$ cat upload_8.txt   # compact mmCIF, N, CA and C atoms
# COMPACT_ATOMS: atom_id res chain seq x y z
N MET A 1 -3.32 -25.02 -22.15
CA MET A 1 -3.89 -25.25 -20.84
C MET A 1 -3.37 -24.22 -19.83
N LYS A 2 -2.08 -23.91 -19.92
CA LYS A 2 -1.49 -22.95 -19.00
C LYS A 2 -2.15 -21.57 -19.14
N ARG A 3 -2.44 -21.16 -20.39
CA ARG A 3 -3.10 -19.88 -20.62
C ARG A 3 -4.50 -19.87 -20.03
N PHE A 4 -5.19 -21.00 -20.16
CA PHE A 4 -6.53 -21.10 -19.62
C PHE A 4 -6.51 -20.96 -18.10
N ILE A 5 -5.57 -21.62 -17.45
CA ILE A 5 -5.46 -21.54 -16.00
C ILE A 5 -5.12 -20.12 -15.56
N THR A 6 -4.24 -19.46 -16.29
CA THR A 6 -3.90 -18.07 -15.99
C THR A 6 -5.13 -17.18 -16.15
N PHE A 7 -5.86 -17.37 -17.23
CA PHE A 7 -7.08 -16.60 -17.46
C PHE A 7 -8.08 -16.83 -16.33
N LEU A 8 -8.28 -18.08 -15.95
CA LEU A 8 -9.21 -18.42 -14.89
C LEU A 8 -8.78 -17.77 -13.57
N PHE A 9 -7.50 -17.79 -13.26
CA PHE A 9 -7.00 -17.16 -12.04
C PHE A 9 -7.28 -15.66 -12.06
N LEU A 10 -7.00 -15.01 -13.18
CA LEU A 10 -7.25 -13.57 -13.28
C LEU A 10 -8.73 -13.25 -13.14
N LEU A 11 -9.56 -14.08 -13.71
CA LEU A 11 -11.00 -13.88 -13.61
C LEU A 11 -11.47 -14.01 -12.16
N ILE A 12 -10.98 -15.01 -11.47
CA ILE A 12 -11.40 -15.25 -10.09
C ILE A 12 -10.91 -14.15 -9.16
N THR A 13 -9.73 -13.62 -9.39
CA THR A 13 -9.17 -12.61 -8.50
C THR A 13 -9.58 -11.19 -8.88
N SER A 14 -10.27 -11.03 -9.97
CA SER A 14 -10.69 -9.70 -10.41
C SER A 14 -11.73 -9.12 -9.46
N THR A 15 -11.63 -7.82 -9.18
CA THR A 15 -12.63 -7.17 -8.33
C THR A 15 -13.92 -6.91 -9.10
N ASN A 16 -13.87 -7.01 -10.42
CA ASN A 16 -15.06 -6.83 -11.25
C ASN A 16 -15.72 -8.16 -11.58
N MET A 17 -15.48 -9.14 -10.78
CA MET A 17 -15.96 -10.48 -11.06
C MET A 17 -17.47 -10.54 -11.23
N ILE A 18 -17.91 -11.22 -12.27
CA ILE A 18 -19.33 -11.42 -12.52
C ILE A 18 -19.62 -12.90 -12.36
N PHE A 19 -20.58 -13.21 -11.50
CA PHE A 19 -21.02 -14.59 -11.33
C PHE A 19 -22.18 -14.81 -12.28
N ALA A 20 -22.05 -15.71 -13.20
CA ALA A 20 -23.06 -15.90 -14.23
C ALA A 20 -24.20 -16.77 -13.75
N ALA A 21 -25.40 -16.30 -14.01
CA ALA A 21 -26.64 -17.05 -13.88
C ALA A 21 -26.79 -17.82 -12.57
N MET A 22 -26.81 -17.10 -11.48
CA MET A 22 -27.10 -17.70 -10.18
C MET A 22 -28.63 -17.78 -10.04
N GLU A 23 -29.16 -18.97 -9.80
CA GLU A 23 -30.61 -19.14 -9.66
C GLU A 23 -31.00 -18.88 -8.21
N ILE A 24 -31.90 -17.92 -8.03
CA ILE A 24 -32.38 -17.57 -6.70
C ILE A 24 -33.89 -17.38 -6.78
N GLY A 25 -34.62 -18.25 -6.12
CA GLY A 25 -36.08 -18.13 -6.12
C GLY A 25 -36.71 -18.27 -7.49
N GLY A 26 -36.11 -19.09 -8.36
CA GLY A 26 -36.67 -19.32 -9.68
C GLY A 26 -36.30 -18.29 -10.73
N VAL A 27 -35.47 -17.32 -10.35
CA VAL A 27 -35.01 -16.30 -11.30
C VAL A 27 -33.49 -16.37 -11.35
N TYR A 28 -32.93 -16.23 -12.54
CA TYR A 28 -31.48 -16.27 -12.73
C TYR A 28 -30.93 -14.86 -12.75
N TYR A 29 -29.86 -14.64 -11.97
CA TYR A 29 -29.25 -13.32 -11.85
C TYR A 29 -27.77 -13.41 -12.16
N ASN A 30 -27.25 -12.41 -12.85
CA ASN A 30 -25.81 -12.21 -12.97
C ASN A 30 -25.44 -11.22 -11.88
N LEU A 31 -24.47 -11.57 -11.05
CA LEU A 31 -24.05 -10.72 -9.94
C LEU A 31 -22.78 -9.98 -10.34
N ILE A 32 -22.77 -8.68 -10.13
CA ILE A 32 -21.63 -7.85 -10.50
C ILE A 32 -20.99 -7.33 -9.22
N LYS A 33 -19.88 -7.97 -8.88
CA LYS A 33 -19.21 -7.72 -7.60
C LYS A 33 -18.75 -6.26 -7.44
N SER A 34 -18.21 -5.66 -8.50
CA SER A 34 -17.64 -4.31 -8.39
C SER A 34 -18.67 -3.26 -8.00
N SER A 35 -19.92 -3.45 -8.39
CA SER A 35 -20.96 -2.47 -8.07
C SER A 35 -21.99 -3.03 -7.09
N MET A 36 -21.82 -4.30 -6.70
CA MET A 36 -22.76 -4.98 -5.80
C MET A 36 -24.19 -4.89 -6.34
N THR A 37 -24.30 -5.07 -7.67
CA THR A 37 -25.60 -5.08 -8.32
C THR A 37 -25.83 -6.42 -9.01
N ALA A 38 -27.06 -6.63 -9.39
CA ALA A 38 -27.42 -7.85 -10.10
C ALA A 38 -28.39 -7.49 -11.22
N VAL A 39 -28.36 -8.30 -12.28
CA VAL A 39 -29.31 -8.14 -13.38
C VAL A 39 -29.93 -9.50 -13.67
N VAL A 40 -31.19 -9.47 -14.10
CA VAL A 40 -31.88 -10.71 -14.43
C VAL A 40 -31.25 -11.26 -15.71
N ALA A 41 -30.85 -12.52 -15.67
CA ALA A 41 -30.14 -13.16 -16.78
C ALA A 41 -31.09 -14.01 -17.63
N PRO A 42 -30.73 -14.21 -18.89
CA PRO A 42 -31.54 -15.06 -19.76
C PRO A 42 -31.55 -16.52 -19.30
N SER A 43 -32.69 -17.15 -19.48
CA SER A 43 -32.82 -18.58 -19.22
C SER A 43 -34.04 -19.10 -19.98
N SER A 44 -33.93 -20.29 -20.50
CA SER A 44 -35.07 -20.91 -21.18
C SER A 44 -35.96 -21.64 -20.18
N LYS A 45 -35.61 -21.62 -18.91
CA LYS A 45 -36.34 -22.35 -17.88
C LYS A 45 -37.48 -21.56 -17.23
N TYR A 46 -37.62 -20.28 -17.57
CA TYR A 46 -38.66 -19.47 -16.94
C TYR A 46 -40.04 -19.93 -17.37
N SER A 47 -40.96 -19.98 -16.38
CA SER A 47 -42.37 -20.26 -16.69
C SER A 47 -43.22 -19.84 -15.49
N GLY A 48 -44.51 -19.67 -15.73
CA GLY A 48 -45.44 -19.30 -14.68
C GLY A 48 -45.33 -17.85 -14.28
N GLU A 49 -45.63 -17.60 -13.00
CA GLU A 49 -45.59 -16.25 -12.46
C GLU A 49 -44.17 -15.96 -11.95
N ILE A 50 -43.56 -14.92 -12.47
CA ILE A 50 -42.19 -14.56 -12.11
C ILE A 50 -42.21 -13.31 -11.24
N THR A 51 -41.54 -13.38 -10.11
CA THR A 51 -41.37 -12.21 -9.25
C THR A 51 -39.88 -11.94 -9.11
N ILE A 52 -39.47 -10.81 -9.62
CA ILE A 52 -38.06 -10.41 -9.54
C ILE A 52 -37.84 -9.74 -8.19
N ARG A 53 -36.79 -10.11 -7.52
CA ARG A 53 -36.48 -9.53 -6.21
C ARG A 53 -35.82 -8.16 -6.36
N SER A 54 -35.93 -7.33 -5.34
CA SER A 54 -35.26 -6.03 -5.36
C SER A 54 -33.79 -6.18 -4.99
N SER A 55 -33.47 -7.26 -4.27
CA SER A 55 -32.08 -7.56 -3.94
C SER A 55 -31.95 -9.06 -3.72
N VAL A 56 -30.73 -9.54 -3.89
CA VAL A 56 -30.43 -10.95 -3.65
C VAL A 56 -29.18 -11.04 -2.78
N THR A 57 -29.14 -12.04 -1.92
CA THR A 57 -27.99 -12.23 -1.03
C THR A 57 -27.33 -13.56 -1.34
N VAL A 58 -26.04 -13.50 -1.60
CA VAL A 58 -25.24 -14.70 -1.89
C VAL A 58 -23.99 -14.65 -1.03
N ASN A 59 -23.73 -15.71 -0.30
CA ASN A 59 -22.56 -15.80 0.57
C ASN A 59 -22.45 -14.59 1.51
N GLY A 60 -23.58 -14.14 2.03
CA GLY A 60 -23.59 -13.03 2.98
C GLY A 60 -23.47 -11.65 2.36
N GLU A 61 -23.39 -11.57 1.03
CA GLU A 61 -23.28 -10.27 0.35
C GLU A 61 -24.58 -9.98 -0.39
N THR A 62 -25.08 -8.76 -0.23
CA THR A 62 -26.34 -8.37 -0.85
C THR A 62 -26.09 -7.54 -2.10
N TYR A 63 -26.77 -7.94 -3.17
CA TYR A 63 -26.68 -7.27 -4.47
C TYR A 63 -28.03 -6.65 -4.80
N THR A 64 -28.04 -5.39 -5.21
CA THR A 64 -29.26 -4.71 -5.60
C THR A 64 -29.58 -5.04 -7.05
N VAL A 65 -30.80 -5.47 -7.31
CA VAL A 65 -31.20 -5.81 -8.68
C VAL A 65 -31.56 -4.51 -9.40
N THR A 66 -30.85 -4.24 -10.50
CA THR A 66 -31.01 -2.96 -11.20
C THR A 66 -31.49 -3.08 -12.64
N GLY A 67 -31.51 -4.30 -13.20
CA GLY A 67 -31.90 -4.39 -14.60
C GLY A 67 -32.28 -5.79 -15.04
N ILE A 68 -32.80 -5.84 -16.26
CA ILE A 68 -33.16 -7.09 -16.91
C ILE A 68 -32.40 -7.15 -18.23
N MET A 69 -31.64 -8.20 -18.43
CA MET A 69 -30.75 -8.31 -19.59
C MET A 69 -31.51 -8.52 -20.90
N ASN A 70 -30.82 -8.26 -21.99
CA ASN A 70 -31.34 -8.47 -23.33
C ASN A 70 -31.79 -9.93 -23.49
N GLY A 71 -33.03 -10.12 -23.89
CA GLY A 71 -33.55 -11.46 -24.14
C GLY A 71 -33.74 -12.32 -22.91
N ALA A 72 -33.81 -11.72 -21.74
CA ALA A 72 -33.88 -12.49 -20.49
C ALA A 72 -35.00 -13.53 -20.50
N PHE A 73 -36.16 -13.17 -20.99
CA PHE A 73 -37.31 -14.08 -21.01
C PHE A 73 -37.69 -14.48 -22.44
N MET A 74 -36.80 -14.23 -23.38
CA MET A 74 -37.09 -14.45 -24.79
C MET A 74 -37.60 -15.87 -25.07
N ASN A 75 -38.74 -15.92 -25.74
CA ASN A 75 -39.38 -17.18 -26.16
C ASN A 75 -39.77 -18.10 -25.01
N CYS A 76 -39.90 -17.55 -23.82
CA CYS A 76 -40.38 -18.34 -22.68
C CYS A 76 -41.91 -18.26 -22.71
N THR A 77 -42.50 -19.08 -23.54
CA THR A 77 -43.95 -19.02 -23.77
C THR A 77 -44.77 -19.41 -22.55
N GLY A 78 -44.16 -20.07 -21.58
CA GLY A 78 -44.86 -20.46 -20.37
C GLY A 78 -44.94 -19.37 -19.31
N VAL A 79 -44.25 -18.26 -19.51
CA VAL A 79 -44.32 -17.15 -18.55
C VAL A 79 -45.67 -16.48 -18.68
N THR A 80 -46.39 -16.36 -17.55
CA THR A 80 -47.73 -15.77 -17.59
C THR A 80 -47.77 -14.37 -16.98
N SER A 81 -46.91 -14.10 -16.01
CA SER A 81 -46.87 -12.76 -15.42
C SER A 81 -45.47 -12.49 -14.87
N VAL A 82 -45.14 -11.19 -14.84
CA VAL A 82 -43.84 -10.77 -14.31
C VAL A 82 -44.06 -9.55 -13.43
N THR A 83 -43.53 -9.60 -12.23
CA THR A 83 -43.58 -8.46 -11.31
C THR A 83 -42.15 -7.95 -11.16
N ILE A 84 -41.97 -6.67 -11.46
CA ILE A 84 -40.65 -6.03 -11.42
C ILE A 84 -40.63 -5.04 -10.26
N PRO A 85 -39.64 -5.11 -9.36
CA PRO A 85 -39.59 -4.19 -8.22
C PRO A 85 -39.15 -2.79 -8.64
N SER A 86 -39.42 -1.83 -7.77
CA SER A 86 -39.13 -0.42 -8.10
C SER A 86 -37.64 -0.11 -8.22
N GLY A 87 -36.75 -0.92 -7.69
CA GLY A 87 -35.32 -0.65 -7.81
C GLY A 87 -34.75 -0.91 -9.20
N VAL A 88 -35.48 -1.65 -10.02
CA VAL A 88 -35.02 -1.94 -11.37
C VAL A 88 -35.13 -0.67 -12.20
N LYS A 89 -34.03 -0.33 -12.89
CA LYS A 89 -33.98 0.91 -13.66
C LYS A 89 -34.00 0.70 -15.16
N GLN A 90 -33.57 -0.50 -15.62
CA GLN A 90 -33.47 -0.72 -17.06
C GLN A 90 -33.97 -2.10 -17.45
N ILE A 91 -34.69 -2.11 -18.58
CA ILE A 91 -35.09 -3.36 -19.22
C ILE A 91 -34.48 -3.32 -20.61
N ALA A 92 -33.60 -4.28 -20.90
CA ALA A 92 -32.90 -4.29 -22.19
C ALA A 92 -33.84 -4.74 -23.31
N ARG A 93 -33.37 -4.55 -24.52
CA ARG A 93 -34.13 -4.93 -25.72
C ARG A 93 -34.52 -6.40 -25.67
N ASN A 94 -35.64 -6.67 -26.24
CA ASN A 94 -36.13 -8.04 -26.43
C ASN A 94 -36.23 -8.85 -25.14
N ALA A 95 -36.30 -8.19 -24.01
CA ALA A 95 -36.37 -8.91 -22.73
C ALA A 95 -37.57 -9.86 -22.69
N PHE A 96 -38.68 -9.46 -23.30
CA PHE A 96 -39.89 -10.28 -23.27
C PHE A 96 -40.34 -10.72 -24.65
N SER A 97 -39.46 -10.63 -25.62
CA SER A 97 -39.78 -11.02 -27.00
C SER A 97 -40.18 -12.50 -27.07
N GLY A 98 -41.30 -12.77 -27.71
CA GLY A 98 -41.75 -14.15 -27.89
C GLY A 98 -42.44 -14.75 -26.68
N CYS A 99 -42.72 -13.93 -25.67
CA CYS A 99 -43.43 -14.43 -24.47
C CYS A 99 -44.93 -14.41 -24.76
N THR A 100 -45.38 -15.34 -25.56
CA THR A 100 -46.77 -15.34 -26.02
C THR A 100 -47.78 -15.64 -24.92
N GLY A 101 -47.35 -16.23 -23.82
CA GLY A 101 -48.25 -16.51 -22.70
C GLY A 101 -48.32 -15.39 -21.68
N LEU A 102 -47.52 -14.35 -21.86
CA LEU A 102 -47.45 -13.26 -20.89
C LEU A 102 -48.72 -12.41 -20.98
N THR A 103 -49.49 -12.40 -19.90
CA THR A 103 -50.75 -11.64 -19.88
C THR A 103 -50.72 -10.48 -18.91
N LYS A 104 -49.75 -10.47 -17.99
CA LYS A 104 -49.69 -9.40 -16.99
C LYS A 104 -48.23 -9.10 -16.67
N ILE A 105 -47.93 -7.79 -16.65
CA ILE A 105 -46.58 -7.38 -16.27
C ILE A 105 -46.70 -6.09 -15.45
N SER A 106 -46.01 -6.08 -14.34
CA SER A 106 -46.01 -4.92 -13.46
C SER A 106 -44.68 -4.21 -13.62
N ILE A 107 -44.71 -3.02 -14.25
CA ILE A 107 -43.48 -2.26 -14.53
C ILE A 107 -43.50 -0.99 -13.67
N PRO A 108 -42.52 -0.81 -12.80
CA PRO A 108 -42.48 0.37 -11.95
C PRO A 108 -42.09 1.62 -12.73
N ASN A 109 -42.38 2.77 -12.15
CA ASN A 109 -42.02 4.03 -12.83
C ASN A 109 -40.55 4.37 -12.72
N THR A 110 -39.74 3.49 -12.11
CA THR A 110 -38.29 3.73 -12.02
C THR A 110 -37.56 3.32 -13.30
N ILE A 111 -38.26 2.66 -14.22
CA ILE A 111 -37.65 2.23 -15.49
C ILE A 111 -37.34 3.44 -16.34
N LYS A 112 -36.10 3.48 -16.86
CA LYS A 112 -35.68 4.61 -17.71
C LYS A 112 -36.06 4.37 -19.15

$ encode --input "upload_8.txt" --output "C-alpha cells"
Amino acid sequence: MKRFITFLFLLITSTNMIFAAMEIGGVYYNLIKSSMTAVVAPSSKYSGEITIRSSVTVNGETYTVTGIMNGAFMNCTGVTSVTIPSGVKQIARNAFSGCTGLTKISIPNTIK
C-alpha cells in the first residue's frame, strides 16, 4: 500500500502528468500537461456524428488536440460520421477499425 501511495504521489506531482479519458462534448481526450496537447482516447461509448474539437479547456487550461489514438473508435459500429479539425496531425493505426456504420469522415490535409 505504501508503494502505491508513493507511486500515486509521484504521478500527481509529475509535470508530464496525463489525465486519462476526460469526456468533453461527447469525445474522450487524454490531456498531456507537459506539452499542453490532447489526443482523442479510445471509448466504446462513441456513436452518431462525432466532432473532434481543435482544443479543449479543463480547469482554465487549454490543450491543443493533435492526434487520435490507436483504436480510438474501434468497433464503434454506431459512429456514422467524424469531423477532424485541421490542427490534428496524426491518426494512429486502427483508429476507425470495425466502424461499420461510418459513412462520412472529414480528414484535413494536416494529417501526416

$ residues_around --input "upload_8.txt" --residues "Leu102 (chain A)" --least-positions-apart "5" --cutoff "6 Å" --atoms "only C-alpha atoms" --output "list in words"
Val79, Thr80 and Ser81 of chain A

$ residues_around --input "upload_8.txt" --residues "region 52-54 of chain A" --least-positions-apart "6" --cutoff "8 Å" --atoms "all atoms listed in the file" --output "list in words"
Ile24, Val27, Val40, Tyr63, Thr64, Val65, Thr66, Val82, Thr83, Ile84, Pro85, Ser86, Gly87 and Val88 of chain A

$ closest_residue --input "upload_8.txt" --among "A:Ala72, A:Gly67, A:Ser55, A:Glu23" --to "Pro42 (chain A)" --atoms "all atoms listed in the file"
A:Ala72

$ closest_residue --input "upload_8.txt" --among "A:Thr51, A:Gln90, A:Ser97, A:Ser35" --to "Ile68 (chain A)" --atoms "all atoms listed in the file"
A:Gln90

$ closest_residue --input "upload_8.txt" --among "A:Ser43, A:Asn70, A:Thr77, A:Asn30" --to "Ala92 (chain A)" --atoms "only N, CA and C atoms"
A:Asn70

$ select_by_dssp --input "upload_8.txt" --residues "region 10-72 of chain A" --states "helix (DSSP H, G or I)" --output "CSV table (one decimal) with N, CA and C atoms, in the coordinates of the input"
chain,number,residue,atom,x,y,z
A,10,LEU,N,-7.0,-15.0,-13.2
A,10,LEU,CA,-7.2,-13.6,-13.3
A,10,LEU,C,-8.7,-13.2,-13.1
A,11,LEU,N,-9.6,-14.1,-13.7
A,11,LEU,CA,-11.0,-13.9,-13.6
A,11,LEU,C,-11.5,-14.0,-12.2
A,12,ILE,N,-11.0,-15.0,-11.5
A,12,ILE,CA,-11.4,-15.2,-10.1
A,12,ILE,C,-10.9,-14.2,-9.2
A,13,THR,N,-9.7,-13.6,-9.4
A,13,THR,CA,-9.2,-12.6,-8.5
A,13,THR,C,-9.6,-11.2,-8.9

$ residues_around --input "upload_8.txt" --residues "Cys99 (chain A)" --least-positions-apart "5" --cutoff "8 Å" --atoms "only C-alpha atoms" --output "list in words"
Phe73, Met74, Asn75, Cys76, Thr77, Gly78 and Val79 of chain A

$ atom_distance --input "upload_8.txt" --atom1 "CA of Thr100 (chain A)" --atom2 "CA of Ile50 (chain A)"
14.7 Å

$ closest_residue --input "upload_8.txt" --among "A:Lys33, A:Ala21, A:Ser47, A:Thr110" --to "Met69 (chain A)" --atoms "only C-alpha atoms"
A:Ala21

$ atom_distance --input "upload_8.txt" --atom1 "atom N of Glu61 (chain A)" --atom2 "atom C of Tyr29 (chain A)"
14.0 Å

$ select_by_dssp --input "upload_8.txt" --residues "chain A" --states "strand (DSSP E)" --output "JSON, numbers by chain"
{"A": [18, 19, 20, 21, 22, 23, 24, 27, 28, 29, 30, 31, 32, 37, 38, 39, 40, 48, 49, 50, 51, 55, 56, 57, 58, 61, 62, 63, 64, 65, 66, 67, 68, 79, 80, 81, 82, 83, 90, 91, 104, 105, 106]}

$ atom_distance --input "upload_8.txt" --atom1 "atom C of Val58 (chain A)" --atom2 "atom N of Asn94 (chain A)"
28.9 Å

$ build_atoms --input "upload_8.txt" --residues "region 69-82 of chain A" --atoms "N, CA, C and O atoms" --output "compact mmCIF listing (two decimals), keeping the file's coordinate frame"
# COMPACT_ATOMS: atom_id res chain seq x y z
N MET A 69 -31.64 -8.20 -18.43
CA MET A 69 -30.75 -8.31 -19.59
C MET A 69 -31.51 -8.52 -20.90
O MET A 69 -32.66 -8.96 -20.91
N ASN A 70 -30.82 -8.26 -21.99
CA ASN A 70 -31.34 -8.47 -23.33
C ASN A 70 -31.79 -9.93 -23.49
O ASN A 70 -31.02 -10.84 -23.23
N GLY A 71 -33.03 -10.12 -23.89
CA GLY A 71 -33.55 -11.46 -24.14
C GLY A 71 -33.74 -12.32 -22.91
O GLY A 71 -33.84 -13.54 -23.02
N ALA A 72 -33.81 -11.72 -21.74
CA ALA A 72 -33.88 -12.49 -20.49
C ALA A 72 -35.00 -13.53 -20.50
O ALA A 72 -34.80 -14.66 -20.09
N PHE A 73 -36.16 -13.17 -20.99
CA PHE A 73 -37.31 -14.08 -21.01
C PHE A 73 -37.69 -14.48 -22.44
O PHE A 73 -38.77 -15.01 -22.67
N MET A 74 -36.80 -14.23 -23.38
CA MET A 74 -37.09 -14.45 -24.79
C MET A 74 -37.60 -15.87 -25.07
O MET A 74 -36.98 -16.84 -24.67
N ASN A 75 -38.74 -15.92 -25.74
CA ASN A 75 -39.38 -17.18 -26.16
C ASN A 75 -39.77 -18.10 -25.01
O ASN A 75 -39.96 -19.30 -25.22
N CYS A 76 -39.90 -17.55 -23.82
CA CYS A 76 -40.38 -18.34 -22.68
C CYS A 76 -41.91 -18.26 -22.71
O CYS A 76 -42.53 -17.47 -21.99
N THR A 77 -42.50 -19.08 -23.54
CA THR A 77 -43.95 -19.02 -23.77
C THR A 77 -44.77 -19.41 -22.55
O THR A 77 -45.95 -19.09 -22.48
N GLY A 78 -44.16 -20.07 -21.58
CA GLY A 78 -44.86 -20.46 -20.37
C GLY A 78 -44.94 -19.37 -19.31
O GLY A 78 -45.64 -19.52 -18.30
N VAL A 79 -44.25 -18.26 -19.51
CA VAL A 79 -44.32 -17.15 -18.55
C VAL A 79 -45.67 -16.48 -18.68
O VAL A 79 -46.07 -16.07 -19.77
N THR A 80 -46.39 -16.36 -17.55
CA THR A 80 -47.73 -15.77 -17.59
C THR A 80 -47.77 -14.37 -16.98
O THR A 80 -48.59 -13.55 -17.39
N SER A 81 -46.91 -14.10 -16.01
CA SER A 81 -46.87 -12.76 -15.42
C SER A 81 -45.47 -12.49 -14.87
O SER A 81 -44.75 -13.41 -14.50
N VAL A 82 -45.14 -11.19 -14.84
CA VAL A 82 -43.84 -10.77 -14.31
C VAL A 82 -44.06 -9.55 -13.43
O VAL A 82 -44.71 -8.59 -13.85
